[in-house]
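To be precise, the following lines are protein.cif, and they hold mmCIF, C-alpha atoms.
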data_start
#
loop_
_atom_site.label_atom_id
_atom_site.label_comp_id
_atom_site.auth_asym_id
_atom_site.auth_seq_id
_atom_site.Cartn_x
_atom_site.Cartn_y
_atom_site.Cartn_z
CA MET A 1 35.63 -127.53 156.52
CA PRO A 2 33.08 -124.68 156.51
CA ALA A 3 29.93 -125.38 154.55
CA ARG A 4 29.52 -123.71 151.19
CA SER A 5 26.92 -121.01 150.94
CA GLY A 6 25.05 -119.85 147.91
CA ASN A 7 27.24 -116.83 147.39
CA THR A 8 30.60 -118.63 147.33
CA ARG A 9 33.20 -116.82 145.27
CA GLU A 10 35.27 -119.87 144.34
CA GLY A 11 36.12 -119.57 140.68
CA SER A 12 35.70 -115.80 140.76
CA LEU A 13 37.97 -113.76 138.53
CA ASP A 14 38.22 -111.00 141.14
CA ALA A 15 41.76 -110.16 142.16
CA PRO A 16 42.87 -111.36 145.61
CA THR A 17 42.30 -108.79 148.34
CA ARG A 18 44.62 -108.20 151.26
CA HIS A 19 42.95 -106.91 154.43
CA ALA A 20 44.71 -104.51 156.75
CA LEU A 21 46.45 -106.18 159.67
CA ASP A 22 44.58 -105.48 162.91
CA TRP A 23 47.76 -105.85 164.94
CA LYS A 24 47.03 -103.12 167.51
CA SER A 25 43.83 -104.69 168.85
CA GLU A 26 43.82 -106.80 172.02
CA SER A 27 41.94 -109.59 170.23
CA PHE A 28 44.83 -109.99 167.80
CA TYR A 29 46.94 -111.37 170.68
CA ASP A 30 44.17 -113.44 172.31
CA GLU A 31 45.56 -116.98 172.19
CA THR A 32 42.15 -118.62 172.49
CA ALA A 33 40.86 -116.63 169.52
CA LEU A 34 44.07 -117.37 167.64
CA PHE A 35 43.70 -121.13 168.06
CA LYS A 36 40.08 -120.97 166.97
CA GLU A 37 41.19 -119.32 163.74
CA LEU A 38 44.12 -121.73 163.34
CA GLU A 39 41.68 -124.63 163.60
CA ARG A 40 39.36 -123.08 161.04
CA VAL A 41 42.10 -122.41 158.49
CA TYR A 42 44.01 -125.66 159.11
CA GLU A 43 40.75 -127.54 158.47
CA ILE A 44 40.33 -125.75 155.14
CA CYS A 45 43.94 -126.45 154.21
CA HIS A 46 43.51 -130.12 155.13
CA GLY A 47 40.56 -130.41 152.76
CA CYS A 48 42.42 -128.74 149.91
CA ARG A 49 46.16 -129.57 150.14
CA ARG A 50 47.10 -127.59 147.04
CA CYS A 51 50.05 -126.05 148.88
CA PHE A 52 51.76 -129.32 149.81
CA SER A 53 54.77 -128.57 147.57
CA LEU A 54 55.55 -125.01 148.71
CA CYS A 55 57.29 -124.82 152.10
CA ASN A 56 57.48 -127.24 155.02
CA ALA A 57 54.59 -125.66 156.95
CA PHE A 58 51.99 -127.56 154.95
CA PRO A 59 53.68 -131.00 154.97
CA THR A 60 54.11 -130.57 158.74
CA LEU A 61 50.36 -130.04 159.08
CA PHE A 62 49.28 -132.72 156.63
CA ASP A 63 51.69 -135.36 157.98
CA ALA A 64 50.47 -134.70 161.53
CA ILE A 65 46.86 -135.20 160.41
CA ASP A 66 47.67 -138.37 158.44
CA GLU A 67 49.59 -139.83 161.37
CA SER A 68 46.91 -139.01 163.94
CA ASP A 69 44.46 -141.57 165.36
CA THR A 70 41.47 -139.86 163.80
CA LEU A 71 43.11 -138.92 160.47
CA GLU A 72 41.53 -135.51 161.01
CA LEU A 73 42.66 -132.24 162.55
CA ASP A 74 41.01 -133.06 165.87
CA GLY A 75 43.61 -135.79 166.35
CA VAL A 76 46.56 -133.41 166.06
CA PRO A 77 48.21 -132.26 169.32
CA LYS A 78 48.13 -128.50 169.83
CA PRO A 79 51.96 -128.18 170.00
CA VAL A 80 52.04 -129.24 166.34
CA TYR A 81 50.06 -126.08 165.54
CA TRP A 82 53.14 -124.12 166.62
CA ASP A 83 55.42 -126.36 164.54
CA VAL A 84 53.44 -125.32 161.47
CA VAL A 85 53.89 -121.66 162.43
CA ASP A 86 57.64 -122.09 162.90
CA HIS A 87 58.01 -123.52 159.39
CA CYS A 88 56.24 -120.58 157.75
CA TYR A 89 58.65 -117.85 156.67
CA LEU A 90 56.01 -115.57 155.12
CA CYS A 91 57.06 -116.05 151.50
CA ASP A 92 53.41 -115.28 150.58
CA MET A 93 53.39 -117.78 147.72
CA CYS A 94 50.41 -119.76 149.08
CA PHE A 95 48.31 -116.61 149.13
CA MET A 96 49.45 -115.37 145.73
CA THR A 97 49.67 -118.52 143.63
CA LYS A 98 47.90 -121.48 145.22
CA CYS A 99 45.05 -120.78 147.59
CA PRO A 100 41.56 -120.59 146.01
CA TYR A 101 40.05 -119.33 149.26
CA VAL A 102 41.78 -115.98 149.67
CA PRO A 103 39.62 -112.84 149.98
CA PRO A 104 37.23 -111.95 148.42
CA HIS A 105 36.26 -115.62 148.86
CA GLU A 106 33.88 -115.90 151.80
CA TRP A 107 36.25 -118.25 153.66
CA ASN A 108 38.72 -115.37 153.88
CA VAL A 109 41.92 -117.42 154.14
CA ASP A 110 45.15 -115.44 154.48
CA PHE A 111 47.53 -118.13 155.67
CA PRO A 112 50.69 -115.96 155.79
CA HIS A 113 49.05 -113.27 157.90
CA LEU A 114 47.53 -115.88 160.19
CA MET A 115 51.04 -117.26 160.69
CA LEU A 116 52.26 -113.72 161.31
CA ARG A 117 49.58 -113.29 163.98
CA ALA A 118 50.69 -116.53 165.63
CA LYS A 119 54.33 -115.41 165.55
CA ALA A 120 53.29 -112.11 167.14
CA VAL A 121 51.43 -113.96 169.91
CA LYS A 122 54.46 -116.17 170.49
CA PHE A 123 56.74 -113.15 170.66
CA LYS A 124 54.45 -111.38 173.13
CA LYS A 125 54.45 -114.48 175.32
CA GLY A 126 58.24 -114.48 175.43
CA GLY A 127 58.54 -117.67 173.41
CA THR A 128 61.14 -116.34 170.96
CA LYS A 129 64.74 -117.54 171.21
CA VAL A 130 67.55 -115.09 171.93
CA ARG A 131 69.27 -116.37 168.79
CA ASP A 132 66.32 -115.38 166.64
CA LYS A 133 66.19 -111.91 168.15
CA LEU A 134 69.91 -111.49 167.44
CA LEU A 135 69.79 -112.79 163.87
CA THR A 136 66.99 -110.37 163.01
CA SER A 137 68.83 -107.37 164.48
CA THR A 138 70.51 -106.64 161.18
CA ASP A 139 71.50 -103.05 161.92
CA LEU A 140 73.21 -104.08 165.15
CA LEU A 141 75.05 -107.02 163.59
CA GLY A 142 76.07 -104.98 160.56
CA SER A 143 77.31 -101.98 162.51
CA LEU A 144 79.44 -104.15 164.80
CA ALA A 145 80.72 -106.66 162.28
CA GLY A 146 81.27 -103.97 159.66
CA ILE A 147 84.03 -102.26 161.66
CA PRO A 148 87.15 -102.96 159.51
CA VAL A 149 89.21 -104.77 162.17
CA VAL A 150 86.19 -106.62 163.51
CA SER A 151 84.95 -107.60 160.04
CA ALA A 152 88.29 -109.22 159.23
CA VAL A 153 88.04 -111.39 162.33
CA VAL A 154 84.34 -112.17 161.77
CA ASN A 155 84.82 -113.07 158.10
CA ALA A 156 87.77 -115.32 158.90
CA SER A 157 85.80 -117.05 161.65
CA LEU A 158 82.86 -117.70 159.35
CA LYS A 159 85.19 -119.68 157.07
CA ASN A 160 86.77 -121.63 159.92
CA GLY A 161 85.35 -125.09 160.62
CA VAL A 162 86.13 -125.02 164.33
CA ALA A 163 84.55 -121.60 164.75
CA ARG A 164 81.46 -122.69 162.82
CA ASN A 165 81.07 -125.73 165.07
CA VAL A 166 81.21 -123.44 168.08
CA LEU A 167 78.65 -121.13 166.47
CA GLN A 168 76.35 -124.09 165.91
CA SER A 169 76.61 -125.42 169.45
CA THR A 170 76.25 -122.04 171.15
CA LEU A 171 73.94 -120.02 168.90
CA GLY A 172 72.24 -122.70 166.82
CA VAL A 173 73.54 -121.46 163.45
CA HIS A 174 74.18 -124.54 161.32
CA LYS A 175 77.85 -125.11 160.60
CA ASP A 176 77.24 -125.68 156.87
CA ALA A 177 74.71 -122.90 156.31
CA PRO A 178 75.65 -120.10 153.90
CA VAL A 179 76.32 -116.96 155.93
CA PRO A 180 77.35 -113.62 154.46
CA SER A 181 80.62 -111.82 154.99
CA TYR A 182 80.63 -108.31 156.44
CA HIS A 183 82.00 -105.09 155.01
CA LYS A 184 82.10 -101.44 155.91
CA ASN A 185 79.12 -99.36 154.80
CA ALA A 186 79.29 -99.34 151.01
CA ALA A 187 77.16 -96.22 150.80
CA LYS A 188 80.08 -94.19 152.16
CA THR A 189 82.27 -95.26 149.24
CA VAL A 190 79.74 -94.48 146.48
CA LYS A 191 80.00 -91.03 144.93
CA PRO A 192 76.87 -90.61 142.80
CA ASP A 193 76.82 -88.25 139.83
CA LEU A 194 74.12 -85.69 140.57
CA VAL A 195 75.11 -83.19 137.87
CA ARG A 196 72.93 -84.50 135.04
CA SER A 197 69.30 -83.46 134.78
CA PRO A 198 66.63 -86.12 135.31
CA ILE A 199 64.53 -87.29 132.38
CA ALA A 200 61.02 -88.42 133.30
CA ALA A 201 59.64 -91.50 131.56
CA GLY A 202 56.15 -92.83 132.26
CA PRO A 203 55.61 -92.97 136.03
CA THR A 204 59.36 -92.67 136.70
CA ARG A 205 60.70 -89.20 137.39
CA GLY A 206 64.24 -90.03 136.32
CA LYS A 207 66.19 -89.57 139.53
CA VAL A 208 66.59 -92.23 142.18
CA ALA A 209 67.22 -92.33 145.91
CA LEU A 210 68.89 -95.65 146.62
CA TYR A 211 67.72 -97.39 149.78
CA THR A 212 70.77 -99.58 150.22
CA THR A 213 69.14 -102.17 152.55
CA CYS A 214 71.01 -103.89 155.37
CA TYR A 215 72.34 -106.50 153.00
CA GLY A 216 73.65 -103.99 150.49
CA LYS A 217 75.06 -101.81 153.22
CA HIS A 218 76.82 -104.43 155.33
CA ASN A 219 77.14 -107.66 153.34
CA ARG A 220 77.09 -107.07 149.60
CA PRO A 221 78.51 -103.64 148.72
CA ASP A 222 78.86 -104.86 145.13
CA LEU A 223 75.05 -104.60 144.80
CA ILE A 224 75.25 -100.89 145.51
CA ARG A 225 78.15 -100.28 143.13
CA ASP A 226 76.52 -102.26 140.31
CA LEU A 227 73.16 -100.55 140.73
CA VAL A 228 74.66 -97.06 140.77
CA ALA A 229 76.83 -97.82 137.72
CA THR A 230 73.96 -99.21 135.63
CA PHE A 231 71.53 -96.45 136.56
CA GLU A 232 74.02 -93.69 135.88
CA HIS A 233 74.89 -95.34 132.57
CA ASN A 234 71.20 -94.84 131.76
CA ASP A 235 71.46 -91.13 132.68
CA ILE A 236 69.58 -91.58 135.95
CA PRO A 237 71.01 -89.45 138.80
CA VAL A 238 71.35 -91.48 141.99
CA THR A 239 71.61 -90.35 145.59
CA ILE A 240 72.04 -92.54 148.65
CA VAL A 241 69.33 -92.52 151.31
CA GLN A 242 71.03 -91.29 154.47
CA LYS A 243 70.40 -92.44 158.06
CA ASP A 244 68.40 -95.40 156.80
CA LYS A 245 67.56 -98.33 159.05
CA CYS A 246 66.43 -101.90 158.40
CA CYS A 247 63.12 -102.10 156.52
CA GLY A 248 61.72 -104.31 159.28
CA MET A 249 61.16 -107.51 157.31
CA PRO A 250 63.35 -109.65 159.64
CA LYS A 251 61.44 -108.40 162.68
CA LEU A 252 58.12 -108.93 160.88
CA GLU A 253 59.04 -112.56 160.26
CA LEU A 254 59.92 -112.84 163.94
CA GLY A 255 56.53 -111.46 164.99
CA ASP A 256 58.07 -108.44 166.73
CA LEU A 257 55.57 -105.94 165.36
CA ASP A 258 56.49 -103.18 167.80
CA ALA A 259 60.06 -103.31 166.44
CA VAL A 260 58.63 -103.09 162.91
CA ALA A 261 56.70 -99.97 163.91
CA GLU A 262 59.82 -98.45 165.48
CA LEU A 263 61.84 -99.01 162.30
CA LYS A 264 59.00 -97.62 160.20
CA ASN A 265 59.05 -94.45 162.29
CA LYS A 266 62.78 -94.06 161.64
CA ASN A 267 62.53 -94.60 157.87
CA ILE A 268 59.24 -93.42 156.46
CA SER A 269 59.47 -89.66 157.07
CA ASN A 270 62.94 -89.60 155.54
CA LEU A 271 61.82 -91.57 152.47
CA ALA A 272 58.61 -89.57 152.09
CA ALA A 273 60.61 -86.32 152.15
CA LEU A 274 62.75 -87.62 149.30
CA VAL A 275 59.62 -88.45 147.32
CA ASP A 276 58.36 -84.91 147.94
CA ASP A 277 61.67 -83.61 146.58
CA GLY A 278 61.12 -85.46 143.32
CA TRP A 279 63.04 -88.66 143.95
CA ASP A 280 61.89 -92.19 143.18
CA ILE A 281 63.02 -94.88 145.65
CA VAL A 282 64.82 -98.04 144.51
CA ALA A 283 66.13 -100.92 146.64
CA PRO A 284 68.20 -103.90 145.42
CA VAL A 285 66.65 -106.58 147.68
CA PRO A 286 63.09 -107.82 146.83
CA SER A 287 62.10 -108.38 150.47
CA CYS A 288 62.81 -104.76 151.33
CA VAL A 289 60.82 -103.46 148.38
CA LEU A 290 57.93 -105.76 149.36
CA MET A 291 58.05 -104.47 152.91
CA TYR A 292 57.36 -100.92 151.74
CA LYS A 293 54.98 -101.95 148.94
CA GLN A 294 52.82 -104.34 150.93
CA GLU A 295 53.49 -105.11 154.58
CA LEU A 296 53.87 -101.61 156.01
CA PRO A 297 50.81 -100.31 154.12
CA LEU A 298 48.79 -103.22 155.55
CA MET A 299 50.04 -102.47 159.06
CA PHE A 300 49.55 -98.70 158.76
CA PRO A 301 46.76 -98.25 156.19
CA GLN A 302 45.80 -94.77 157.39
CA GLU A 303 49.27 -93.20 157.24
CA SER A 304 49.66 -91.06 154.14
CA GLU A 305 53.46 -91.09 154.22
CA VAL A 306 53.47 -94.90 154.18
CA SER A 307 51.19 -94.83 151.13
CA LYS A 308 53.37 -92.22 149.48
CA VAL A 309 56.47 -94.40 149.80
CA ARG A 310 54.50 -97.48 148.69
CA ASP A 311 53.61 -95.71 145.44
CA SER A 312 57.16 -94.51 144.80
CA ILE A 313 59.40 -97.50 145.54
CA TYR A 314 60.57 -99.86 142.82
CA ASP A 315 62.55 -102.99 142.14
CA PRO A 316 65.61 -101.95 140.04
CA PHE A 317 64.62 -103.95 136.97
CA GLU A 318 61.00 -102.86 137.29
CA TYR A 319 62.22 -99.27 137.21
CA LEU A 320 64.50 -99.75 134.23
CA MET A 321 61.87 -101.62 132.21
CA LEU A 322 59.31 -98.90 132.88
CA ARG A 323 61.79 -96.49 131.34
CA HIS A 324 62.45 -98.86 128.45
CA LYS A 325 58.73 -98.88 127.71
CA HIS A 326 59.00 -95.12 127.20
CA GLY A 327 62.24 -95.16 125.21
CA GLU A 328 64.63 -94.22 128.03
CA LEU A 329 66.71 -97.39 128.48
CA LYS A 330 70.07 -97.69 126.79
CA THR A 331 70.60 -100.92 124.88
CA ASP A 332 74.21 -100.27 123.91
CA PHE A 333 75.33 -103.62 125.24
CA LYS A 334 78.96 -104.49 124.57
CA HIS A 335 79.00 -108.09 125.78
CA GLU A 336 76.63 -111.02 125.36
CA LEU A 337 75.82 -113.05 128.45
CA GLY A 338 75.04 -116.43 126.93
CA SER A 339 72.71 -118.65 128.94
CA ILE A 340 71.40 -117.72 132.40
CA SER A 341 69.53 -119.86 134.92
CA TYR A 342 67.45 -117.20 136.61
CA HIS A 343 65.77 -117.92 139.95
CA VAL A 344 62.79 -115.64 140.65
CA ALA A 345 62.73 -114.78 144.35
CA CYS A 346 59.39 -115.34 146.10
CA HIS A 347 59.23 -111.79 147.44
CA LEU A 348 59.70 -110.54 143.89
CA ARG A 349 57.00 -112.81 142.46
CA VAL A 350 54.38 -111.62 144.94
CA GLN A 351 54.90 -108.00 143.85
CA ASN A 352 53.01 -108.91 140.67
CA ILE A 353 55.28 -106.90 138.39
CA GLY A 354 56.12 -109.70 135.97
CA TYR A 355 59.57 -110.98 135.00
CA LYS A 356 61.25 -107.60 134.56
CA THR A 357 64.73 -108.97 135.25
CA LYS A 358 64.29 -111.65 132.58
CA GLU A 359 62.85 -109.13 130.14
CA LEU A 360 65.77 -106.74 130.53
CA LEU A 361 68.53 -109.35 130.43
CA SER A 362 66.87 -110.89 127.37
CA LEU A 363 67.49 -107.61 125.53
CA VAL A 364 71.21 -108.38 125.60
CA PRO A 365 72.24 -109.96 122.27
CA ASN A 366 72.83 -113.73 122.27
CA THR A 367 71.46 -114.08 125.79
CA GLU A 368 68.93 -116.69 126.82
CA VAL A 369 67.27 -116.57 130.24
CA GLU A 370 65.73 -119.72 131.72
CA VAL A 371 63.28 -118.88 134.53
CA ILE A 372 63.10 -121.02 137.69
CA GLU A 373 59.95 -120.44 139.75
CA ARG A 374 60.66 -122.37 142.94
CA CYS A 375 61.46 -121.20 146.45
CA SER A 376 65.10 -121.38 147.54
CA GLY A 377 64.06 -122.00 151.15
CA HIS A 378 66.45 -119.40 152.54
CA ASP A 379 64.25 -116.63 153.97
CA GLY A 380 67.08 -114.65 155.49
CA THR A 381 67.35 -116.62 158.72
CA TYR A 382 65.34 -119.85 158.28
CA ALA A 383 68.04 -121.70 156.33
CA VAL A 384 70.86 -120.86 158.72
CA LYS A 385 69.14 -122.23 161.83
CA LYS A 386 70.35 -125.63 162.97
CA GLU A 387 66.86 -127.10 163.24
CA PHE A 388 65.73 -125.93 159.80
CA TYR A 389 68.90 -126.20 157.70
CA GLU A 390 68.18 -129.65 156.24
CA VAL A 391 64.56 -128.74 155.47
CA ALA A 392 65.64 -125.54 153.74
CA ALA A 393 68.17 -127.48 151.67
CA LYS A 394 65.42 -129.89 150.62
CA ILE A 395 63.16 -127.02 149.58
CA CYS A 396 66.00 -125.61 147.48
CA ARG A 397 66.89 -128.94 145.85
CA PRO A 398 64.51 -128.56 142.85
CA VAL A 399 66.14 -125.19 142.11
CA VAL A 400 69.61 -126.70 142.41
CA ASN A 401 68.60 -129.58 140.13
CA ARG A 402 67.30 -127.15 137.51
CA VAL A 403 70.53 -125.19 137.59
CA LYS A 404 72.51 -128.40 137.17
CA LYS A 405 70.31 -129.55 134.31
CA ASN A 406 70.45 -126.22 132.50
CA GLN A 407 74.26 -126.03 132.62
CA ALA A 408 73.99 -122.32 131.90
CA VAL A 409 76.94 -119.96 131.75
CA HIS A 410 75.54 -118.06 134.75
CA TYR A 411 73.00 -118.66 137.51
CA ALA A 412 71.41 -115.74 139.27
CA SER A 413 68.69 -114.57 141.65
CA ASP A 414 67.44 -111.09 142.50
CA CYS A 415 67.66 -112.17 146.15
CA PRO A 416 71.37 -112.41 147.03
CA MET A 417 70.62 -114.77 149.92
CA ALA A 418 68.76 -117.12 147.57
CA GLY A 419 71.76 -117.06 145.26
CA GLU A 420 74.02 -118.11 148.11
CA GLN A 421 71.56 -120.85 149.10
CA ILE A 422 71.66 -122.24 145.55
CA ALA A 423 75.45 -122.11 145.53
CA ASN A 424 75.49 -123.96 148.84
CA GLY A 425 73.31 -126.67 147.33
CA LEU A 426 75.45 -126.97 144.20
CA ASP A 427 78.60 -127.26 146.31
CA ASP A 428 80.81 -127.16 143.20
CA GLY A 429 82.81 -124.02 143.84
CA THR A 430 80.73 -121.86 141.50
CA ALA A 431 79.23 -118.57 142.61
CA PRO A 432 75.98 -116.87 141.60
CA LYS A 433 75.98 -113.63 139.65
CA HIS A 434 73.47 -111.06 140.76
CA PRO A 435 71.37 -109.77 137.84
CA LEU A 436 72.70 -106.25 138.47
CA ALA A 437 76.23 -107.57 138.03
CA LEU A 438 75.18 -109.33 134.81
CA LEU A 439 73.60 -106.14 133.49
CA ARG A 440 76.72 -104.14 134.29
CA MET A 441 78.81 -106.83 132.60
CA ALA A 442 76.63 -106.60 129.49
CA TYR A 443 77.04 -102.83 129.37
CA GLY A 444 80.81 -103.21 129.81
CA ILE A 445 80.99 -100.49 132.46
#
Go ahead and render the structure in this file as structure tokens.
Amino acid sequence: MPARSGNTREGSLDAPTRHALDWKSESFYDETALFKELERVYEICHGCRRCFSLCNAFPTLFDAIDESDTLELDGVPKPVYWDVVDHCYLCDMCFMTKCPYVPPHEWNVDFPHLMLRAKAVKFKKGGTKVRDKLLTSTDLLGSLAGIPVVSAVVNASLKNGVARNVLQSTLGVHKDAPVPSYHKNAAKTVKPDLVRSPIAAGPTRGKVALYTTCYGKHNRPDLIRDLVATFEHNDIPVTIVQKDKCCGMPKLELGDLDAVAELKNKNISNLAALVDDGWDIVAPVPSCVLMYKQELPLMFPQESEVSKVRDSIYDPFEYLMLRHKHGELKTDFKHELGSISYHVACHLRVQNIGYKTKELLSLVPNTEVEVIERCSGHDGTYAVKKEFYEVAAKICRPVVNRVKKNQAVHYASDCPMAGEQIANGLDDGTAPKHPLALLRMAYGI
């Protein structure tokens, strides 16, 4: 572990600082330099071990050290370094909640972005599986599987045991993993009401451009319908962002940073133009909001349009609670919701906006929200892969146990994939309710 100096910032009350990602430099992809930094950070992690209970990246590292001949990092084979990288799905929770050595600490530990660098090096070397490239091509999968005739066949196959066994043996998608069904583009079926005049409230301008996300567009059209209904009930005009592409989070987690840049180029100008026209941006999936709030600004810190979108995109419940703070949220709830086991998605927690979903649902009469702050282990693609399925299920088990213990009327997560992961762990025939669906239910609309 690096020696302490006199100006150590451990114990400082300064907020964590995220440095821009130097992903365009040649040194970023230098494998020798990468391994030198991996050794430095792994050594620090070994001496600390506060993150042992988060994901499987840290237990993989610590177990390898404890099982080595030297009981130190120098006894760990270099291939294990890559195993640690493969188990990191960039949830960001170690940086945001556990690590005492993040910037501005002099040790400058940003474990998630170091893992991202390693993934980028691996991708450049051609070490990424075809399966992983396919699973992260969400626009391609959605556009093909969303064709009505095709979607019927795909959805039926995903529920067929024989077909799932074939999918596992050929593509490496675990036969028991929760996988979404496919639907035609929900945005085409939504007819927003744009007649009413927007009412500004605090930083919100009162009219919203809905970035549907790949998941809302192709897999969960109910998210789009519920969001539009609840926003319009609150007199917020909604329009659908047209010609939108994937936010790039799946490709970021793959390490394909050139693909991230390509998707950014297709989305940002369109979104920035909407902001210039007076629209706020809202997206129903936390990972997509985080991509525009954090990851793209760190990849493209000098691009004004990226910054403009960063400052104008919101989580749905963040947006509604900002308006509530300024007296512009309707509380004419017609139905109580009872008890809710509410799982807070990691990519929502790291936005540092607080528990806005809990706060809003708690406004509903006779409604009690129990917060669960543990990772579901899903990460979009991690939990569906054959080699990681059991590990992901183990990560999710504390969440599943809490839901079982609470015996609430509903269980929910802002991340629809996390909700499906929890349901898969419960294996009792129950289904999660997305918070937007619960809010719409409470309004009776």
Residue list as a list of chain:residue names for point (55.6, -130.6, 159.1), cut-off 10 Å, all atoms listed in the file: A:Cys55, A:Asn56, A:Ala57, A:Phe58, A:Pro59, A:Thr60, A:Leu61, A:Phe62, A:Asp63, A:Ala64, A:Ile65, A:Val80, A:Tyr81, A:Asp83, A:Val84, A:Val85, A:Asp86, A:His87, A:Val391
Counting all atoms listed in the file, which residues come within 12 Å of (61.1, -93.4, 159.5), with the point read in the file's coordinates, and could you list them as a list in words?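 These residues have at least one counted atom within 12 Å: Val241, Gln242, Lys243, Asp244, Lys245, Cys246, Cys247, Gly248, Val260, Ala261, Glu262, Leu263, Lys264, Asn265, Lys266, Asn267, Ile268, Ser269, Asn270, Leu271, Ala272, Ala273, Leu274, Tyr292, Leu296, Glu305, Val306 and Val309 of chain A.
Between CA of Asp66 (chain A) and CA of Cys99 (chain A) there is a distance of 20.8 Å.
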For the file shown, what are the residues hit by the PyMOL selection byres ((chain A and resi 351) around 12), laid out as an MDAnalysis selection string? chainID A and resid 91:93 96:97 286:295 310 313:315 318 344:350 352:356
Shell around Cys415 (chain A) at 6 Å using only C-alpha atoms, local window under 2 positions removed, as a PyMOL selection string: chain A and resi 285+345+413+417-418
Give as a count of residues only the residues that the PyMOL selection byres ((chain A and resi 357-370) around 10) matches when applied to the coordinates above. 44
Would you mind reading off the distance between CA of Phe28 (chain A) and CA of Met299 (chain A), one decimal, in Å? 12.7 Å
One number please: CA of Ala209 (chain A) to CA of Ser304 (chain A), in Å, one decimal.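 Distance between the two atoms: 19.4 Å.
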Hey, what's within 9 Å of Lys385 (chain A) if we count all atoms listed in the file and toss same-chain stuff fewer than 5 positions away? As an NGL selection string, please? :A and (132 or 168 or 171-174 or 177)
Please evaluate the PyMOL selection byres ((chain A and resi 420-427) around 12) against the structure above and give the resulting residues as a PyMOL selection string. chain A and resi 176-181+220+341-343+345+372+374-384+389-390+392-405+407+410-419+428-434
Just the residues within 6 Å of region 108-122 of chain A, please, counting all atoms listed in the file, with nothing from its chain fewer than 5 positions along; format it as a list in words.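 In the requested form, the answer reads Tyr29, Val85, Leu90, Asp92, Tyr101, Val102, Pro103, Gly127 and Gly255 of chain A.
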For Phe123 (chain A), which residue among A:Val275, A:Cys45, A:Leu254, A:Val238 is the nearest when counting all atoms listed in the file?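 For Phe123 (chain A), the nearest of the given residues is A:Leu254.
Residue nearest Glu39 (chain A) within the list A:Glu253, A:Glu303, A:Asp276, A:Glu72: A:Glu72 [criterion: smallest interatomic distance, only C-alpha atoms].
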Taking all atoms listed in the file into account, which of A:Leu71, A:Asp277, A:Asp256, A:Ala163 comes nearest Gly126 (chain A)? A:Asp256
Kindly output region 402-413 of chain A as a short mmCIF file (atom, residue, chain, number, x, y, z; two decimals), in the coordinates of the input, after building N, CA and C atoms.
data_model
loop_
_atom_site.label_atom_id
_atom_site.label_comp_id
_atom_site.auth_asym_id
_atom_site.auth_seq_id
_atom_site.Cartn_x
_atom_site.Cartn_y
_atom_site.Cartn_z
N ARG A 402 67.54 -127.88 138.77
CA ARG A 402 67.30 -127.15 137.51
C ARG A 402 68.57 -126.45 137.03
N VAL A 403 69.29 -125.86 137.95
CA VAL A 403 70.53 -125.19 137.59
C VAL A 403 71.53 -126.20 137.02
N LYS A 404 71.62 -127.35 137.67
CA LYS A 404 72.51 -128.40 137.17
C LYS A 404 72.11 -128.86 135.78
N LYS A 405 70.81 -129.06 135.59
CA LYS A 405 70.31 -129.55 134.31
C LYS A 405 70.54 -128.53 133.20
N ASN A 406 70.33 -127.26 133.52
CA ASN A 406 70.45 -126.22 132.50
C ASN A 406 71.90 -126.03 132.03
N GLN A 407 72.84 -126.22 132.95
CA GLN A 407 74.26 -126.03 132.62
C GLN A 407 74.50 -124.69 131.93
N ALA A 408 73.87 -123.65 132.48
CA ALA A 408 73.99 -122.32 131.90
C ALA A 408 75.34 -121.70 132.23
N VAL A 409 75.68 -120.68 131.49
CA VAL A 409 76.94 -119.96 131.75
C VAL A 409 76.88 -119.29 133.12
N HIS A 410 75.72 -118.74 133.46
CA HIS A 410 75.54 -118.06 134.75
C HIS A 410 74.28 -118.58 135.44
N TYR A 411 74.26 -118.52 136.77
CA TYR A 411 73.00 -118.66 137.51
C TYR A 411 72.87 -117.46 138.42
N ALA A 412 71.63 -117.02 138.60
CA ALA A 412 71.41 -115.74 139.27
C ALA A 412 70.07 -115.73 139.98
N SER A 413 69.95 -114.85 140.97
CA SER A 413 68.69 -114.57 141.65
C SER A 413 68.70 -113.12 142.09
#
